[in-house]
file coords.cif (mmCIF, C-alpha atoms)
data_coords
#
loop_
_atom_site.label_atom_id
_atom_site.label_comp_id
_atom_site.auth_asym_id
_atom_site.auth_seq_id
_atom_site.Cartn_x
_atom_site.Cartn_y
_atom_site.Cartn_z
CA MET A 714 24.20 -43.35 43.52
CA ASN A 715 22.46 -46.12 45.46
CA GLU A 716 20.27 -44.46 48.11
CA GLU A 717 20.34 -47.60 50.27
CA LYS A 718 24.08 -47.42 50.78
CA LYS A 719 25.14 -44.31 52.69
CA ILE A 720 28.43 -42.87 51.53
CA CYS A 721 29.49 -40.39 54.19
CA GLY A 722 31.56 -37.34 54.52
CA ILE A 723 32.62 -36.81 58.11
CA TYR A 724 32.98 -33.11 58.92
CA THR A 725 34.93 -32.07 62.00
CA ARG A 726 35.78 -28.52 62.96
CA VAL A 727 37.03 -26.69 65.96
CA SER A 728 37.71 -22.99 66.27
CA THR A 729 40.70 -21.60 68.12
CA GLU A 730 38.29 -20.17 70.69
CA ASP A 731 36.66 -23.58 71.22
CA GLN A 732 40.06 -25.19 71.65
CA SER A 733 41.17 -22.69 74.26
CA ARG A 734 37.84 -22.68 76.14
CA PHE A 735 36.95 -26.36 76.09
CA GLY A 736 40.05 -28.26 74.97
CA HIS A 737 38.09 -30.01 72.24
CA SER A 738 39.89 -32.82 70.51
CA LEU A 739 39.26 -33.37 66.82
CA ASP A 740 40.77 -36.83 67.09
CA GLU A 741 38.24 -37.90 69.74
CA LYS A 742 35.33 -36.51 67.73
CA GLU A 743 36.53 -38.15 64.53
CA ASP A 744 36.90 -41.46 66.34
CA ARG A 745 33.33 -41.20 67.66
CA LEU A 746 31.98 -40.35 64.20
CA ARG A 747 33.88 -43.25 62.63
CA LYS A 748 32.39 -45.62 65.22
CA LEU A 749 28.90 -44.32 64.47
CA CYS A 750 29.42 -44.95 60.75
CA GLU A 751 30.71 -48.44 61.44
CA PHE A 752 27.74 -49.18 63.73
CA LYS A 753 25.21 -47.96 61.17
CA GLY A 754 26.94 -49.58 58.20
CA TYR A 755 27.85 -46.31 56.49
CA LYS A 756 30.84 -46.20 54.16
CA ILE A 757 33.20 -43.29 54.84
CA TYR A 758 34.30 -41.52 51.68
CA LYS A 759 36.44 -38.84 53.35
CA VAL A 760 37.03 -36.95 56.59
CA TYR A 761 36.89 -33.17 56.16
CA ARG A 762 38.83 -31.75 59.10
CA GLU A 763 39.19 -28.04 59.92
CA GLU A 764 41.16 -26.78 62.88
CA GLY A 765 41.16 -23.20 64.13
CA VAL A 766 38.33 -22.16 61.78
CA SER A 767 35.11 -20.39 62.80
CA ALA A 768 31.68 -21.48 61.54
CA LYS A 769 30.40 -17.92 61.27
CA ASN A 770 30.38 -18.37 57.48
CA THR A 771 30.97 -21.11 54.90
CA ASN A 772 34.29 -19.76 53.61
CA ARG A 773 36.13 -22.82 54.89
CA PRO A 774 38.29 -24.91 52.55
CA LYS A 775 37.29 -28.37 53.81
CA PHE A 776 33.63 -27.41 54.09
CA GLN A 777 33.65 -26.22 50.47
CA GLU A 778 35.45 -29.39 49.40
CA MET A 779 32.78 -31.48 51.14
CA ILE A 780 29.96 -29.53 49.47
CA GLN A 781 31.62 -30.03 46.08
CA ASP A 782 31.97 -33.76 46.73
CA MET A 783 28.25 -33.84 47.58
CA LYS A 784 27.42 -32.02 44.34
CA ASP A 785 29.64 -34.46 42.42
CA GLY A 786 27.71 -37.39 43.90
CA LYS A 787 30.64 -38.75 45.91
CA ILE A 788 28.75 -38.55 49.23
CA ASN A 789 25.06 -38.78 50.10
CA LYS A 790 25.30 -38.23 53.85
CA ILE A 791 27.17 -35.71 55.99
CA ILE A 792 27.98 -36.68 59.56
CA VAL A 793 28.84 -34.03 62.16
CA TYR A 794 29.52 -34.31 65.87
CA LYS A 795 27.32 -31.32 66.67
CA LEU A 796 25.31 -29.02 64.42
CA ASP A 797 27.24 -25.90 65.42
CA ARG A 798 30.36 -27.56 64.01
CA LEU A 799 28.73 -27.23 60.58
CA THR A 800 27.35 -23.69 60.88
CA ARG A 801 26.38 -21.00 63.35
CA SER A 802 24.52 -18.91 60.80
CA ILE A 803 20.79 -19.15 60.12
CA LYS A 804 21.28 -17.85 56.58
CA ASP A 805 23.99 -20.42 55.86
CA LEU A 806 21.87 -23.20 57.36
CA GLU A 807 19.06 -22.37 54.94
CA THR A 808 21.52 -22.57 52.03
CA ILE A 809 22.98 -25.85 53.33
CA CYS A 810 19.53 -27.41 53.80
CA THR A 811 18.51 -26.36 50.29
CA LEU A 812 21.67 -27.94 48.86
CA LEU A 813 21.12 -31.12 50.87
CA GLU A 814 17.63 -31.48 49.44
CA GLU A 815 18.71 -30.61 45.90
CA TYR A 816 21.52 -33.20 45.92
CA HIS A 817 19.60 -35.85 47.92
CA CYS A 818 22.08 -35.76 50.77
CA ASP A 819 21.21 -36.35 54.43
CA LEU A 820 22.73 -34.65 57.45
CA GLU A 821 23.21 -36.46 60.73
CA SER A 822 24.42 -34.98 64.03
CA VAL A 823 25.58 -37.22 66.86
CA VAL A 824 25.04 -34.94 69.87
CA GLU A 825 21.59 -33.68 68.90
CA GLU A 826 20.63 -37.10 67.49
CA ILE A 827 19.16 -35.54 64.37
CA ASN A 828 18.73 -36.73 60.82
CA THR A 829 17.29 -34.49 58.08
CA ARG A 830 14.83 -37.07 56.72
CA ASN A 831 12.03 -35.65 58.89
CA ALA A 832 10.24 -32.24 58.72
CA ASN A 833 10.13 -31.88 62.52
CA VAL A 834 13.87 -32.49 62.68
CA LYS A 835 14.48 -29.84 60.01
CA PHE A 836 12.56 -27.38 62.21
CA PHE A 837 14.59 -28.45 65.26
CA ILE A 838 17.84 -27.90 63.32
CA LYS A 839 16.81 -24.31 62.62
CA ILE A 840 16.13 -23.69 66.32
CA LEU A 841 19.56 -25.07 67.24
CA THR A 842 21.20 -22.83 64.66
CA ILE A 843 19.36 -19.78 65.99
CA LEU A 844 20.82 -20.55 69.43
CA ALA A 845 24.31 -21.00 67.97
CA GLN A 846 24.06 -17.67 66.15
CA LEU A 847 22.88 -16.00 69.37
CA GLU A 848 25.97 -17.37 71.14
CA ILE A 849 28.27 -15.88 68.48
CA GLU A 850 26.53 -12.50 68.66
CA ARG A 851 26.68 -12.42 72.47
CA THR A 852 30.37 -13.35 72.44
CA SER A 853 31.01 -10.57 69.94
CA GLU A 854 29.16 -8.07 72.13
CA LYS A 855 31.14 -9.12 75.21
CA THR A 856 34.42 -8.83 73.31
CA LYS A 857 33.57 -5.34 72.03
CA PHE A 858 32.46 -4.27 75.51
CA GLY A 859 35.69 -5.61 77.03
CA LEU A 860 37.83 -3.83 74.44
CA VAL A 861 36.07 -0.50 75.08
CA GLY A 862 36.57 -0.94 78.83
CA ALA A 863 40.23 -1.81 78.40
CA GLU A 864 40.76 1.19 76.15
CA LYS A 865 39.11 3.55 78.67
CA LYS A 866 41.18 2.11 81.49
CA SER A 867 44.46 2.42 79.58
CA THR A 868 43.85 6.08 78.64
CA SER A 869 42.75 7.11 82.14
CA THR A 870 45.64 5.48 84.00
CA HIS A 871 49.12 6.92 83.81
CA ILE A 872 51.90 4.48 84.56
CA ILE A 873 54.83 6.02 86.40
CA THR A 874 58.12 5.30 84.66
CA GLN A 875 61.72 6.30 85.34
CA THR A 876 61.37 9.20 82.91
CA ASP A 877 58.77 10.79 85.21
CA PHE A 878 61.43 11.50 87.89
#

call {"tool": "encode", "arguments": {"input": "coords.cif", "output": "structure tokens"}}
result
Amino acid sequence: MNEEKKICGIYTRVSTEDQSRFGHSLDEKEDRLRKLCEFKGYKIYKVYREEGVSAKNTNRPKFQEMIQDMKDGKINKIIVYKLDRLTRSIKDLETICTLLEEYHCDLESVVEEINTRNANVKFFIKILTILAQLEIERTSEKTKFGLVGAEKKSTSTHIITQTDF
């Protein structure tokens, strides 16, 4: 594949939680990524779009399809809106970065303005992923804490019903 010509896979993802919290629009993000590709002269091979899917692991159909297309030489650049759309796992990031290097594929993120052609940027990507993983772990802790509190409250409170009279 000609290294001069960038053949891109656009990856967009939003989790159900992101949608409910922030009202993220995949259409808006895809439009922005398409404009970036047009501006930079990248050819778009395919848009890999996942809705209502978490990035806590890589068991995502469109993500796996994109990785296979990279391995098959169909794309040599992956464009994401934000790095945490790709992964929120440090372990998975290491695997992804290894695959990117092995298959001579670049990664570009719009929000963080990163491109994996530089060692300092690769380090920065890891820091961003650590922060994303921390966010997932904190959210999980808050959810568990809330569930325990709700359970305690429901067992300690007796609701008066008509059968109590």

call {"tool": "resolve_selection", "arguments": {"input": "coords.cif", "expression": "the PyMOL selection byres ((chain A and resi 824) around 10)", "output": "number ranges by chain"}}
result
A: 793-796, 821-823, 825-827

call {"tool": "atom_distance", "arguments": {"input": "coords.cif", "atom1": "atom CA of Glu848 of chain A", "atom2": "atom CA of Val760 of chain A"}}
result
26.8 Å

call {"tool": "closest_residue", "arguments": {"input": "coords.cif", "among": "A:Tyr724, A:Phe837, A:Tyr816, A:Phe752", "to": "Phe776 of chain A", "atoms": "all atoms listed in the file"}}
result
A:Tyr724

call {"tool": "axis_aligned_box", "arguments": {"input": "coords.cif", "around": "segment 736-748 of chain A", "padding_each_side": "5 Å", "output": "lines of an AutoDock Vina configuration file"}}
result
center_x = 36.4
center_y = -36.9
center_z = 68.8
size_x = 18.8
size_y = 27.4
size_z = 22.3

call {"tool": "atom_distance", "arguments": {"input": "coords.cif", "atom1": "atom CA of Ala768 of chain A", "atom2": "atom CA of Leu799 of chain A"}}
result
6.5 Å

call {"tool": "atom_distance", "arguments": {"input": "coords.cif", "atom1": "atom CA of Asp744 of chain A", "atom2": "atom CA of Asn833 of chain A"}}
result
28.7 Å

call {"tool": "residues_around", "arguments": {"input": "coords.cif", "residues": "Leu806 of chain A", "least_positions_apart": "6", "cutoff": "9 Å", "atoms": "all atoms listed in the file", "output": "PyMOL selection string"}}
result
chain A and resi 799-800+838-839+842

call {"tool": "closest_residue", "arguments": {"input": "coords.cif", "among": "A:Ile849, A:Ile757, A:Leu820, A:Ile780", "to": "Cys721 of chain A", "atoms": "all atoms listed in the file"}}
result
A:Ile757

call {"tool": "residues_around", "arguments": {"input": "coords.cif", "residues": "Lys784 of chain A", "least_positions_apart": "2", "cutoff": "12 Å", "atoms": "only C-alpha atoms", "output": "list of chain:residue names"}}
result
A:Met714, A:Gln777, A:Glu778, A:Met779, A:Ile780, A:Gln781, A:Asp782, A:Gly786, A:Lys787, A:Ile788, A:Asn789, A:Lys790, A:Ile809, A:Leu812, A:Leu813, A:Glu814, A:Glu815, A:Tyr816, A:His817, A:Cys818

call {"tool": "resolve_selection", "arguments": {"input": "coords.cif", "expression": "the PyMOL selection byres ((chain A and resi 726) around 6)", "output": "JSON, numbers by chain"}}
result
{"A": [725, 727, 762, 763, 764, 798]}

call {"tool": "resolve_selection", "arguments": {"input": "coords.cif", "expression": "the PyMOL selection byres ((chain A and resi 767) around 8)", "output": "list in words"}}
result
Val727, Ser728, Thr729, Gly765, Val766, Ala768, Lys769 and Asn770 of chain A

call {"tool": "closest_residue", "arguments": {"input": "coords.cif", "among": "A:Arg745, A:Asn828, A:Ile720, A:Glu854", "to": "Lys759 of chain A", "atoms": "all atoms listed in the file"}}
result
A:Ile720

call {"tool": "closest_residue", "arguments": {"input": "coords.cif", "among": "A:Thr771, A:Thr856, A:Thr829, A:Leu844", "to": "Thr808 of chain A", "atoms": "only C-alpha atoms"}}
result
A:Thr771
